[in-house]
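S.K.: Got a structure for you, upload10.txt, holding compact mmCIF, C-alpha atoms.
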# COMPACT_ATOMS: atom_id res chain seq x y z
CA MET A 1 0.00 0.00 0.00
CA SER A 2 2.88 2.39 0.80
CA ILE A 3 4.29 1.86 -2.73
CA VAL A 4 0.83 2.45 -4.23
CA ILE A 5 0.57 5.70 -2.25
CA MET A 6 3.99 6.76 -3.52
CA ILE A 7 3.05 5.99 -7.14
CA LEU A 8 -0.11 8.08 -6.74
CA LEU A 9 1.87 10.98 -5.27
CA LEU A 10 4.41 10.88 -8.12
CA SER A 11 1.62 10.71 -10.70
CA PHE A 12 0.04 13.72 -9.02
CA LEU A 13 3.30 15.68 -9.46
CA VAL A 14 3.33 14.98 -13.21
CA LEU A 15 -0.30 16.11 -13.49
CA VAL A 16 0.45 19.24 -11.47
CA HIS A 17 3.33 20.13 -13.77
CA GLU A 18 1.30 19.73 -16.95
CA ALA A 19 -1.70 21.43 -15.35
CA GLY A 20 0.54 24.45 -14.76
CA HIS A 21 1.22 24.69 -18.50
CA PHE A 22 -2.45 24.01 -19.30
CA PHE A 23 -4.04 26.64 -17.07
CA ALA A 24 -1.45 29.29 -17.90
CA ALA A 25 -2.10 28.75 -21.61
CA ARG A 26 -5.87 28.88 -21.21
CA ALA A 27 -5.61 32.01 -19.04
CA LEU A 28 -3.65 33.75 -21.80
CA GLY A 29 -6.11 32.69 -24.52
CA ILE A 30 -3.96 29.93 -26.03
CA LYS A 31 -5.81 26.88 -27.30
CA VAL A 32 -4.66 23.53 -25.87
CA SER A 33 -5.18 20.67 -28.31
CA LYS A 34 -4.01 17.76 -26.18
CA PHE A 35 -3.24 16.99 -22.54
CA GLY A 36 -1.01 13.91 -22.37
CA PHE A 37 -0.12 11.81 -19.35
CA GLY A 38 3.02 9.86 -20.24
CA LEU A 39 5.11 10.27 -23.37
CA PRO A 40 3.80 9.47 -26.88
CA ILE A 41 5.89 6.32 -27.19
CA GLY A 42 4.18 3.00 -27.78
CA PRO A 43 0.43 2.37 -27.50
CA THR A 44 -2.22 4.71 -26.12
CA LEU A 45 -3.96 3.27 -23.06
CA TRP A 46 -6.89 5.69 -22.88
CA SER A 47 -8.15 8.82 -24.62
CA LYS A 48 -11.19 11.03 -24.34
CA LYS A 49 -12.36 14.38 -25.62
CA VAL A 50 -12.99 16.73 -22.68
CA GLY A 51 -14.44 19.93 -24.00
CA ASP A 52 -12.14 20.89 -26.86
CA VAL A 53 -9.11 19.09 -25.40
CA ASP A 54 -8.00 15.53 -26.15
CA VAL A 55 -6.95 13.89 -22.88
CA VAL A 56 -4.58 10.97 -23.53
CA VAL A 57 -2.86 8.38 -21.31
CA HIS A 58 0.16 6.69 -22.91
CA ALA A 59 1.75 3.37 -22.02
CA PHE A 60 5.13 5.07 -21.43
CA LEU A 61 4.08 6.79 -18.21
CA LEU A 62 7.38 8.53 -17.39
CA GLY A 63 6.37 12.10 -18.16
CA GLY A 64 3.61 14.19 -19.66
CA TYR A 65 2.96 17.03 -22.09
CA VAL A 66 0.58 19.73 -23.25
CA SER A 67 0.36 20.33 -27.02
CA PHE A 68 -0.93 23.33 -28.95
CA PRO A 69 -2.32 23.76 -32.49
CA ASP A 70 1.20 24.87 -33.48
CA ASP A 71 2.39 21.28 -32.85
CA GLU A 72 -0.12 19.79 -35.31
CA LYS A 73 0.23 20.13 -39.10
CA ASP A 74 -3.46 19.37 -39.74
CA SER A 75 -4.86 21.74 -37.10
CA ASP A 76 -7.98 23.63 -38.12
CA VAL A 77 -6.91 26.72 -36.16
CA PRO A 78 -5.89 29.45 -38.68
CA LEU A 79 -2.16 30.26 -38.85
CA ASP A 80 -2.79 33.88 -37.88
CA SER A 81 -5.13 32.99 -35.00
CA SER A 82 -4.47 34.58 -31.59
CA GLU A 83 -5.17 31.13 -30.10
CA ARG A 84 -1.89 29.82 -31.47
CA PHE A 85 1.07 29.69 -29.08
CA MET A 86 3.56 31.22 -31.53
CA ASN A 87 1.32 34.25 -32.17
CA LYS A 88 1.52 35.35 -28.55
CA PRO A 89 4.11 37.86 -27.24
CA VAL A 90 7.39 36.36 -26.02
CA TRP A 91 6.65 37.18 -22.39
CA GLN A 92 3.35 35.28 -22.51
CA ARG A 93 5.05 32.24 -24.04
CA MET A 94 7.68 32.45 -21.29
CA VAL A 95 4.92 32.41 -18.68
CA VAL A 96 3.35 29.28 -20.22
CA ILE A 97 6.70 27.47 -20.49
CA SER A 98 7.69 28.25 -16.90
CA ALA A 99 4.21 27.58 -15.44
CA GLY A 100 4.86 23.86 -14.97
CA VAL A 101 7.98 24.56 -12.94
CA ILE A 102 6.16 27.20 -10.90
CA ALA A 103 3.31 24.74 -10.25
CA ASN A 104 5.79 22.16 -8.92
CA ILE A 105 7.46 24.73 -6.65
CA ILE A 106 4.09 25.82 -5.26
CA THR A 107 3.12 22.17 -4.74
CA ALA A 108 6.37 21.50 -2.88
CA PHE A 109 5.72 24.46 -0.60
CA LEU A 110 2.11 23.40 0.05
CA PHE A 111 3.14 19.82 0.89
CA VAL A 112 5.75 21.09 3.36
CA LEU A 113 3.31 23.63 4.81
CA ILE A 114 0.58 20.98 5.26
CA THR A 115 3.11 18.76 7.05
CA ALA A 116 4.28 21.66 9.24
CA CYS A 117 0.72 22.63 10.20
CA ILE A 118 -0.63 19.14 10.92
CA TRP A 119 2.51 17.39 12.18
CA GLY A 120 3.64 20.46 14.09
CA GLN A 121 7.31 19.95 13.28
CA LEU A 122 9.80 19.69 10.43
CA PRO A 123 13.11 17.83 10.23
CA LEU A 124 16.32 19.83 10.01
CA GLY A 125 17.96 17.18 7.83
CA GLN A 126 20.30 15.99 10.55
CA ALA A 127 20.24 13.66 13.53
CA ASP A 128 21.71 13.49 17.02
CA ILE A 129 23.80 10.31 17.40
CA TYR A 130 23.76 8.62 20.79
CA ILE A 131 25.64 5.61 22.16
CA ASN A 132 23.19 2.96 23.34
CA LYS A 133 25.71 0.22 24.26
CA VAL A 134 29.50 -0.06 24.39
CA LYS A 135 30.59 -3.62 23.62
CA TYR A 136 34.27 -3.76 22.54
CA GLU A 137 37.29 -3.15 24.76
CA SER A 138 38.79 -0.41 22.57
CA ALA A 139 35.64 1.69 22.81
CA ILE A 140 35.41 1.09 26.58
CA GLN A 141 39.05 2.13 27.11
CA SER A 142 38.45 5.35 25.19
CA GLY A 143 36.02 6.41 27.90
CA LEU A 144 32.93 6.12 25.73
CA LYS A 145 29.76 5.51 27.75
CA ALA A 146 26.15 4.64 27.05
CA GLY A 147 24.10 7.83 26.74
CA ASP A 148 26.92 9.88 25.23
CA GLN A 149 26.02 12.00 22.22
CA VAL A 150 28.78 11.86 19.62
CA ILE A 151 29.21 15.36 18.22
CA LYS A 152 32.64 15.17 16.55
CA ILE A 153 35.03 12.56 15.14
CA ASN A 154 38.52 13.66 14.11
CA GLY A 155 37.33 17.25 14.08
CA SER A 156 34.31 16.66 11.80
CA GLU A 157 30.77 17.23 13.04
CA ILE A 158 28.65 14.08 13.15
CA SER A 159 25.05 14.69 12.10
CA ASN A 160 23.96 11.28 10.77
CA PRO A 161 24.66 7.59 11.54
CA SER A 162 26.42 6.98 8.22
CA ALA A 163 29.04 9.64 9.09
CA PHE A 164 29.88 7.69 12.27
CA THR A 165 30.00 4.42 10.33
CA ILE A 166 32.25 5.70 7.56
CA PHE A 167 34.87 6.83 10.07
CA CYS A 168 34.85 3.36 11.63
CA GLN A 169 34.96 1.54 8.28
CA LYS A 170 37.71 3.66 6.73
CA SER A 171 39.83 3.57 9.92
CA LYS A 172 39.88 -0.21 10.19
CA LEU A 173 42.95 -2.04 11.40
CA PHE A 174 45.37 -3.40 8.75
CA ASP A 175 43.41 -2.21 5.73
CA GLY A 176 46.29 -2.88 3.31
CA LYS A 177 46.74 0.80 2.47
CA VAL A 178 49.31 3.36 3.57
CA ASP A 179 50.06 7.07 3.26
CA GLN A 180 53.30 7.79 1.40
CA GLU A 181 54.30 10.46 3.93
CA PHE A 182 54.00 7.96 6.79
CA VAL A 183 56.02 5.40 4.81
CA ASN A 184 58.79 7.97 4.29
CA GLU A 185 58.80 8.75 8.01
CA ASN A 186 59.16 5.06 8.91
CA LEU A 187 61.80 4.54 6.22
CA ASN A 188 63.93 7.35 7.70
CA SER A 189 63.60 5.77 11.15
CA LEU A 190 64.67 2.37 9.74
CA LYS A 191 67.72 3.90 8.01
CA THR A 192 68.71 5.65 11.25
CA LEU A 193 68.47 2.37 13.22
CA ASN A 194 70.15 0.26 10.51
CA LYS A 195 72.89 2.49 9.05
CA THR A 196 74.76 -0.38 7.35
CA ILE A 197 71.77 -1.41 5.23
CA GLN A 198 71.11 0.38 1.95
CA GLN A 199 67.53 1.51 1.32
CA ASP A 200 66.68 -0.57 -1.76
CA GLU A 201 69.11 -3.49 -1.50
CA LEU A 202 67.90 -6.97 -0.60
CA ILE A 203 68.76 -7.50 3.03
CA ALA A 204 71.06 -10.52 3.38
CA PHE A 205 69.53 -13.70 4.79
CA GLY A 206 69.82 -13.88 8.58
CA THR A 207 70.53 -10.15 9.01
CA LYS A 208 68.94 -8.64 12.10
CA VAL A 209 66.91 -5.52 11.35
CA LEU A 210 65.98 -3.13 14.16
CA LEU A 211 62.40 -1.89 13.94
CA PRO A 212 61.23 1.53 15.11
CA GLN A 213 58.48 1.80 17.68
CA ARG A 214 55.12 1.27 15.97
CA LYS A 215 53.08 4.41 15.53
CA ASP A 216 49.45 4.95 14.67
CA GLU A 217 48.57 6.09 11.19
CA ALA A 218 47.24 9.63 10.98
CA ALA A 219 43.64 10.15 12.08
CA LEU A 220 41.37 10.08 9.07
CA VAL A 221 40.06 13.39 7.72
CA ILE A 222 36.90 13.06 5.62
CA ASP A 223 35.29 15.69 3.42
CA ASN A 224 31.93 16.98 4.73
CA ASP A 225 30.39 16.25 1.32
CA VAL A 226 31.23 12.58 1.85
CA LEU A 227 29.83 12.61 5.39
CA LYS A 228 26.58 14.14 4.11
CA GLY A 229 26.33 11.54 1.33
CA PHE A 230 26.92 13.96 -1.57
CA LYS A 231 29.88 12.02 -2.92
CA LYS A 232 31.78 8.80 -2.40
CA TYR A 233 34.86 8.53 -0.24
CA LYS A 234 38.15 8.40 -2.14
CA ASP A 235 41.62 8.23 -0.68
CA ASN A 236 45.11 8.81 -2.07
CA GLN A 237 46.66 5.91 -0.21
CA ILE A 238 48.94 3.28 -1.72
CA GLY A 239 47.94 -0.37 -1.61
CA LEU A 240 50.43 -2.89 -0.25
CA SER A 241 51.58 -5.83 -2.34
CA GLU A 242 50.74 -9.35 -1.20
CA ALA A 243 54.35 -9.85 -0.08
CA GLN A 244 54.26 -6.63 1.94
CA ILE A 245 50.98 -7.68 3.58
CA ASN A 246 52.53 -11.03 4.58
CA LEU A 247 55.54 -9.16 5.96
CA ARG A 248 53.25 -6.81 7.87
CA ASN A 249 51.59 -9.79 9.55
CA GLN A 250 55.02 -11.14 10.59
CA LEU A 251 56.12 -7.85 12.15
CA VAL A 252 53.15 -7.22 14.44
CA ASP A 253 54.38 -6.38 17.95
CA LYS A 254 58.02 -7.14 17.03
CA LYS A 255 61.06 -4.96 17.77
CA THR A 256 63.44 -6.82 15.42
CA TYR A 257 63.19 -8.76 12.18
CA ILE A 258 65.47 -11.50 10.89
CA SER A 259 65.68 -11.15 7.12
CA ASP A 260 64.77 -14.05 4.83
CA GLY A 261 66.78 -12.48 2.04
CA THR A 262 63.79 -11.32 -0.05
CA VAL A 263 62.93 -7.88 1.38
CA THR A 264 64.34 -4.36 1.44
CA LEU A 265 64.12 -1.57 4.01
CA THR A 266 61.51 0.01 1.75
CA ASP A 267 59.37 -3.15 1.96
CA ILE A 268 59.65 -3.10 5.74
CA ALA A 269 58.72 0.60 5.82
CA TYR A 270 55.55 -0.14 3.84
CA ALA A 271 54.72 -3.15 6.05
CA ILE A 272 55.02 -1.34 9.39
CA SER A 273 53.16 1.71 8.04
CA ASP A 274 49.96 -0.31 7.72
CA SER A 275 48.85 0.04 11.30
CA LYS A 276 45.78 1.31 13.09
CA ARG A 277 44.05 4.64 12.72
CA PRO A 278 42.78 6.48 15.81
CA ILE A 279 39.15 7.53 16.06
CA ASN A 280 39.16 10.66 18.20
CA MET A 281 35.69 11.44 19.50
CA VAL A 282 34.18 14.42 21.26
CA VAL A 283 30.93 13.61 23.06
CA LEU A 284 28.28 15.60 24.85
CA ARG A 285 27.82 14.20 28.36
CA ASP A 286 25.59 15.85 30.98
CA GLY A 287 25.62 19.04 28.95
CA GLU A 288 29.40 19.24 28.68
CA GLU A 289 31.75 18.43 25.81
CA VAL A 290 34.17 15.64 26.70
CA GLU A 291 37.19 14.75 24.55
CA LEU A 292 37.83 11.00 24.75
CA LYS A 293 40.97 8.91 24.34
CA SER A 294 41.54 7.38 20.92
CA ALA A 295 39.40 4.38 20.00
CA TYR A 296 40.20 1.87 17.25
CA SER A 297 38.14 -0.20 14.81
CA ASP A 298 38.95 -3.87 14.30
CA GLN A 299 39.96 -5.47 10.98
CA LYS A 300 36.31 -5.48 9.88
CA GLY A 301 35.91 -1.77 10.58
CA ILE A 302 33.77 -2.37 13.66
CA LEU A 303 34.21 -0.18 16.73
CA GLY A 304 31.86 -2.24 18.87
CA VAL A 305 29.12 0.20 19.83
CA GLU A 306 25.37 0.29 19.33
CA LEU A 307 24.01 3.59 18.05
CA VAL A 308 20.67 5.34 18.43
CA SER A 309 19.87 8.27 16.15
CA LYS A 310 17.23 10.89 16.89
CA GLN A 311 16.18 13.13 14.04
CA VAL A 312 16.52 16.80 14.92
CA MET A 313 13.15 18.51 14.52
CA VAL A 314 12.08 22.14 14.61
CA LYS A 315 8.68 22.96 16.11
CA THR A 316 6.17 24.66 13.81
CA LYS A 317 3.33 25.51 16.16
CA GLY A 318 1.07 28.19 14.75
CA PHE A 319 0.58 29.26 11.13
CA GLY A 320 3.33 31.89 11.23
CA GLN A 321 5.94 29.41 12.47
CA ALA A 322 4.70 26.86 9.94
CA ILE A 323 5.26 29.26 7.02
CA LYS A 324 8.65 30.36 8.32
CA GLY A 325 9.74 26.77 8.97
CA SER A 326 8.48 25.63 5.55
CA LEU A 327 10.41 28.35 3.73
CA ALA A 328 13.57 27.57 5.68
CA TYR A 329 13.16 23.86 4.98
CA LEU A 330 12.65 24.43 1.25
CA TRP A 331 15.64 26.79 1.08
CA GLU A 332 17.90 24.16 2.66
CA GLN A 333 16.58 21.41 0.41
CA THR A 334 16.94 23.59 -2.70
CA TYR A 335 20.58 24.22 -1.83
CA MET A 336 21.16 20.49 -1.46
CA LEU A 337 19.44 19.70 -4.77
CA VAL A 338 21.35 22.38 -6.68
CA TYR A 339 24.60 21.25 -5.10
CA GLY A 340 23.79 17.65 -6.03
CA LEU A 341 23.16 18.67 -9.65
CA TRP A 342 26.50 20.48 -9.73
CA MET A 343 28.24 17.39 -8.35
CA LEU A 344 26.58 15.30 -11.06
CA PHE A 345 27.48 17.58 -13.97
CA SER A 346 31.02 18.06 -12.67
CA GLY A 347 31.49 14.28 -12.70
CA LYS A 348 31.95 13.95 -8.93
CA ILE A 349 28.90 11.69 -8.75
CA PRO A 350 29.40 8.66 -11.05
CA MET A 351 26.64 7.87 -13.55
CA GLN A 352 26.06 4.43 -12.01
CA ASP A 353 24.89 6.20 -8.85
CA LEU A 354 22.22 8.12 -10.76
CA HIS A 355 18.72 6.82 -10.09
CA GLY A 356 15.17 7.68 -11.08
CA ILE A 357 11.51 6.88 -10.80
CA VAL A 358 11.79 3.17 -9.94
CA VAL A 359 14.20 3.67 -7.03
CA ILE A 360 12.34 6.80 -5.93
CA THR A 361 9.13 4.79 -5.72
CA LYS A 362 10.88 2.04 -3.75
CA ILE A 363 12.55 4.47 -1.34
CA GLY A 364 9.37 6.54 -1.01
CA GLY A 365 7.35 3.44 -0.20
CA ASP A 366 9.90 2.45 2.43
CA VAL A 367 9.84 5.95 3.92
CA ILE A 368 6.04 5.94 4.19
CA GLN A 369 6.02 2.43 5.67
CA ASN A 370 8.84 3.03 8.19
CA SER A 371 8.59 6.73 8.99
CA GLY A 372 4.96 7.58 8.33
CA PHE A 373 2.88 9.45 5.79
CA PHE A 374 4.24 12.90 6.62
CA SER A 375 7.82 11.81 5.94
CA GLY A 376 6.59 10.45 2.60
CA LEU A 377 4.83 13.76 1.92
CA LEU A 378 8.06 15.68 2.60
CA LEU A 379 9.94 13.36 0.25
CA THR A 380 7.29 13.98 -2.42
CA ALA A 381 7.72 17.74 -1.89
CA MET A 382 11.46 17.36 -2.51
CA ILE A 383 10.79 15.32 -5.65
CA SER A 384 8.44 18.08 -6.85
CA LEU A 385 11.16 20.65 -6.20
CA ASP A 386 13.71 18.48 -7.96
CA LEU A 387 11.36 18.03 -10.91
CA ALA A 388 11.08 21.82 -11.17
CA LEU A 389 14.85 22.36 -11.04
CA VAL A 390 15.71 19.64 -13.55
CA ASN A 391 12.96 20.75 -15.94
CA PHE A 392 14.28 24.31 -15.94
CA LEU A 393 17.83 23.35 -16.92
CA PRO A 394 18.71 25.05 -20.24
CA ILE A 395 18.57 21.79 -22.18
CA PRO A 396 16.53 21.52 -25.42
CA ALA A 397 13.49 19.21 -25.02
CA LEU A 398 13.08 20.42 -21.41
CA ASP A 399 11.14 23.52 -20.29
CA GLY A 400 14.40 25.30 -19.59
CA GLY A 401 15.54 24.71 -23.16
CA HIS A 402 12.33 26.20 -24.58
CA PHE A 403 12.66 29.14 -22.19
CA MET A 404 16.26 29.63 -23.37
CA PHE A 405 15.13 29.80 -27.02
CA LEU A 406 12.48 32.37 -26.10
CA LEU A 407 15.04 34.44 -24.19
CA ILE A 408 17.32 34.43 -27.25
CA GLU A 409 14.37 35.48 -29.37
CA LYS A 410 13.64 38.36 -26.99
CA LEU A 411 17.26 39.53 -27.06
CA ARG A 412 17.54 39.19 -30.87
CA GLY A 413 14.22 40.89 -31.50
CA ARG A 414 13.16 38.15 -33.89
CA PRO A 415 12.43 34.42 -33.58
CA LEU A 416 14.98 31.73 -34.24
CA ASN A 417 14.60 29.48 -37.26
CA GLU A 418 11.76 27.11 -36.37
CA GLU A 419 13.19 24.21 -38.38
CA THR A 420 16.54 24.52 -36.58
CA ILE A 421 14.84 24.59 -33.19
CA ASN A 422 12.79 21.50 -34.08
CA LYS A 423 15.88 19.59 -35.22
CA ILE A 424 17.82 20.47 -32.07
CA SER A 425 14.84 19.62 -29.86
CA SER A 426 14.31 16.28 -31.64
CA VAL A 427 17.94 15.27 -31.09
CA PHE A 428 17.82 16.18 -27.43
CA PHE A 429 14.43 14.49 -27.02
CA LEU A 430 15.97 11.25 -28.31
CA LEU A 431 18.93 11.70 -25.97
CA LEU A 432 16.50 12.33 -23.13
CA ILE A 433 14.67 9.06 -23.86
CA LEU A 434 17.97 7.15 -23.99
CA PHE A 435 18.99 8.78 -20.73
CA MET A 436 15.70 7.77 -19.10
CA VAL A 437 16.17 4.18 -20.29
CA PHE A 438 19.68 4.20 -18.80
CA VAL A 439 18.37 5.51 -15.47
CA VAL A 440 15.61 2.88 -15.37
CA PHE A 441 18.23 0.20 -16.07
CA ASN A 442 20.31 1.60 -13.19
CA ASP A 443 17.23 1.46 -10.97
CA VAL A 444 16.32 -2.13 -11.83
CA TYR A 445 19.91 -3.32 -11.44
CA ALA A 446 20.20 -1.56 -8.06
CA LEU A 447 17.06 -3.30 -6.83
CA ILE A 448 18.22 -6.69 -8.14
CA VAL A 449 21.52 -6.44 -6.24
CA HIS A 450 19.65 -5.10 -3.17
CA LYS A 451 21.42 -1.75 -3.22
CA PHE A 452 18.20 -0.18 -1.90
Translate the structure described by the file into structure tokens.

M.R.:
Amino acid sequence: MSIVIMILLLSFLVLVHEAGHFFAARALGIKVSKFGFGLPIGPTLWSKKVGDVDVVVHAFLLGGYVSFPDDEKDSDVPLDSSERFMNKPVWQRMVVISAGVIANIITAFLFVLITACIWGQLPLGQADIYINKVKYESAIQSGLKAGDQVIKINGSEISNPSAFTIFCQKSKLFDGKVDQEFVNENLNSLKTLNKTIQQDELIAFGTKVLLPQRKDEAALVIDNDVLKGFKKYKDNQIGLSEAQINLRNQLVDKKTYISDGTVTLTDIAYAISDSKRPINMVVLRDGEEVELKSAYSDQKGILGVELVSKQVMVKTKGFGQAIKGSLAYLWEQTYMLVYGLWMLFSGKIPMQDLHGIVVITKIGGDVIQNSGFFSGLLLTAMISLDLALVNFLPIPALDGGHFMFLLIEKLRGRPLNEETINKISSVFFLLLILFMVFVVFNDVYALIVHKF
């Protein structure tokens, strides 16, 4: 039922968008020939004449459109008629083109406002992370206690459970990766302790090598964009060879090494540099910030604690607070969406991580089932906002592309060549369809491998 509700909400957003175009056109005296739900690809599921408008439902449901007499070669509306879209002033055509986007923005605001008024609160998009249980010795020795709120790790603010987890996972013991700077530091220590051994020569069999005191690797520093889930974590570390990993395992807790004749000081430097990374936490305890001793994950990246997250909410009691809270919420979400689009177009988000309607429906259904209808309504508001932003990108075949052509026409003082516009739009429409197919494939594959 939650998935059905989500499908209905998404369908509503498509109808709202096209209704924006429809009512703006009718208000400006432009005749609408057809109102289509879905794209005109494949068979038509249903059609009916409503007044002077053909209402059509297509099998390819991902989208919708409103068409005018200008789009039909056999239209009975005279070429010089004021009911034709192209015979209207540029500013009126701009209003019609942007009306769908405006309708989606208004819908997003109304959904958030309804939630704020009825639910009486709105999420801030972050959570307080509390320690429920401390199970492993390393976490206990750090001073971590049940009831502590983790506010910082290695200097970074922790505002969601995944941020805590990523620090634990990427700081795991003996991960097979090292920092070159740390390797150089250990290599210098080895050369100081073993002055008769050359750096890159094979150490003679049976030679005793003095090892420096083992040090921790540097505490991990992670970009806030990674902690917020905007991009994937990437490091610049160097992976150890299989031989260096075997050597590392032999040197654990040793002060000397007896050479087998197959390694160099450089190999030893790499081996002893793969150590443990400290997790330095600051917690809030009884209203005071407490800096703990370093804790360490095990080889599986587990720290040994049980977390409880509590979503941070802002109260929206009263209509005034509800409007103020809704606007603040939408502003924050708009920033995140725009930033996400920039990350996508700049290549910082890989294409395989791009998902669409299928995954959105799955996630939305899960949100409604697990977090309640209002959380699902807020997600739908964000999808409506996202639909508005994406549609207004200056890409031919999207509303933003049409708006761009009209803006050029306004600046030039005369329209662009219609045939050229149609050719460009047709190419981009085909690319858009191919892109949608790719996204659906991504969605289906992600669900098959249980990514969501």

S.K.: Pick out the residues sitting within 8 Å of Phe35 (chain A), and hand them over as a list of chain:residue names; count all atoms listed in the file, and ignore anything fewer than 3 positions along from it in its own chain.

M.R.: A:Glu18, A:Phe22, A:Val32, A:Val53, A:Asp54, A:Val55, A:Val56, A:Gly64, A:Tyr65, A:Val66, A:Ser67

S.K.: What's around Pro123 (chain A) at 9 Å? Count all atoms listed in the file, leave out sequence neighbours fewer than 5 positions away in its own chain, and write the answer as a ChimeraX atom specification.

M.R.: /A:311-315,329

S.K.: Contacts of region 195-199 of chain A at 8 Å or less, counting only C-alpha atoms, minus same-chain residues fewer than 5 places along, as a PyMOL selection string?

M.R.: chain A and resi 264-266

S.K.: What separation in Å, quoted to one decimal, exists between CA of Val209 (chain A) and CA of Tyr270 (chain A)?

M.R.: 14.6 Å

S.K.: Taking (2.9, 39.1, -23.6) in the file's coordinates as the center, which residues reach within 12 Å of it, counting only C-alpha atoms, put as a list of chain:residue names?

M.R.: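 Every residue inside that radius is included here: A:Ala25, A:Ala27, A:Leu28, A:Gly29, A:Ile30, A:Ser82, A:Phe85, A:Met86, A:Asn87, A:Lys88, A:Pro89, A:Val90, A:Trp91, A:Gln92, A:Arg93, A:Met94, A:Val95, A:Val96, A:Leu406, A:Lys410.
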
S.K.: So which one's closest to Leu385 (chain A), A:Glu157, A:Glu332, A:Asp216, A:Asp253? Using all atoms listed in the file, please.

M.R.: A:Glu332

S.K.: What lies within 10 Å of Gly304 (chain A) using all atoms listed in the file, ignoring chain neighbours under 6 positions off, as a PyMOL selection string?

M.R.: chain A and resi 133-140+168+296-298

S.K.: Return as JSON the centre and edge lengths, in Å with one decimal, of the box along x, y and z that encloses every atom of region 306-324 of chain A in the file, padded by 6 Å per side.

M.R.:
{"center_x": 13.0, "center_y": 16.1, "center_z": 13.2, "size_x": 36.8, "size_y": 43.6, "size_z": 24.3}

S.K.: Need the shell around Ala219 (chain A): protein/DNA/RNA residues with any atom at most 12 Å away, counting all atoms listed in the file. Skip same-chain ones fewer than 5 positions apart. Format as a ChimeraX atom specification?

M.R.: /A:153-156,167-168,170-172,179,182,275-281,294-296

S.K.: In file coordinates, which residues lie within 10 Å of (58.1, -4.5, 20.9) using all atoms listed in the file, given as a list in words?

M.R.: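 It turns out the residues near that spot are Leu211, Pro212, Gln213, Arg214, Leu251, Val252, Asp253, Lys254, Lys255 and Thr256 of chain A.
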
S.K.: Determine the nearest neighbour of His17 (chain A) from the options A:Arg248, A:Asn104, A:Asp223, A:Tyr339, counting all atoms listed in the file.

M.R.: A:Asn104

S.K.: Quick one: distance from CA of Leu9 (chain A) to CA of Ile118 (chain A) in Å, one decimal?

M.R.: 18.3 Å

S.K.: Could you tell me how far CA of Thr165 (chain A) sits from CA of Ile129 (chain A), in Å to one decimal place?

M.R.: 11.1 Å

S.K.: Pick from A:Phe230, A:Asp267, A:Asp235, A:Val221: nearest to Leu202 (chain A), with all atoms listed in the file counted?

M.R.: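 Of all the options, A:Asp267 lies closest to Leu202 (chain A).
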
S.K.: Given only C-alpha atoms as the basis, pick out the residue of A:Leu220, A:Ile268, A:Leu247, A:Val150 nearest to Ser189 (chain A).

M.R.: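 Answer, going by the shortest atom-to-atom distance: A:Ile268.
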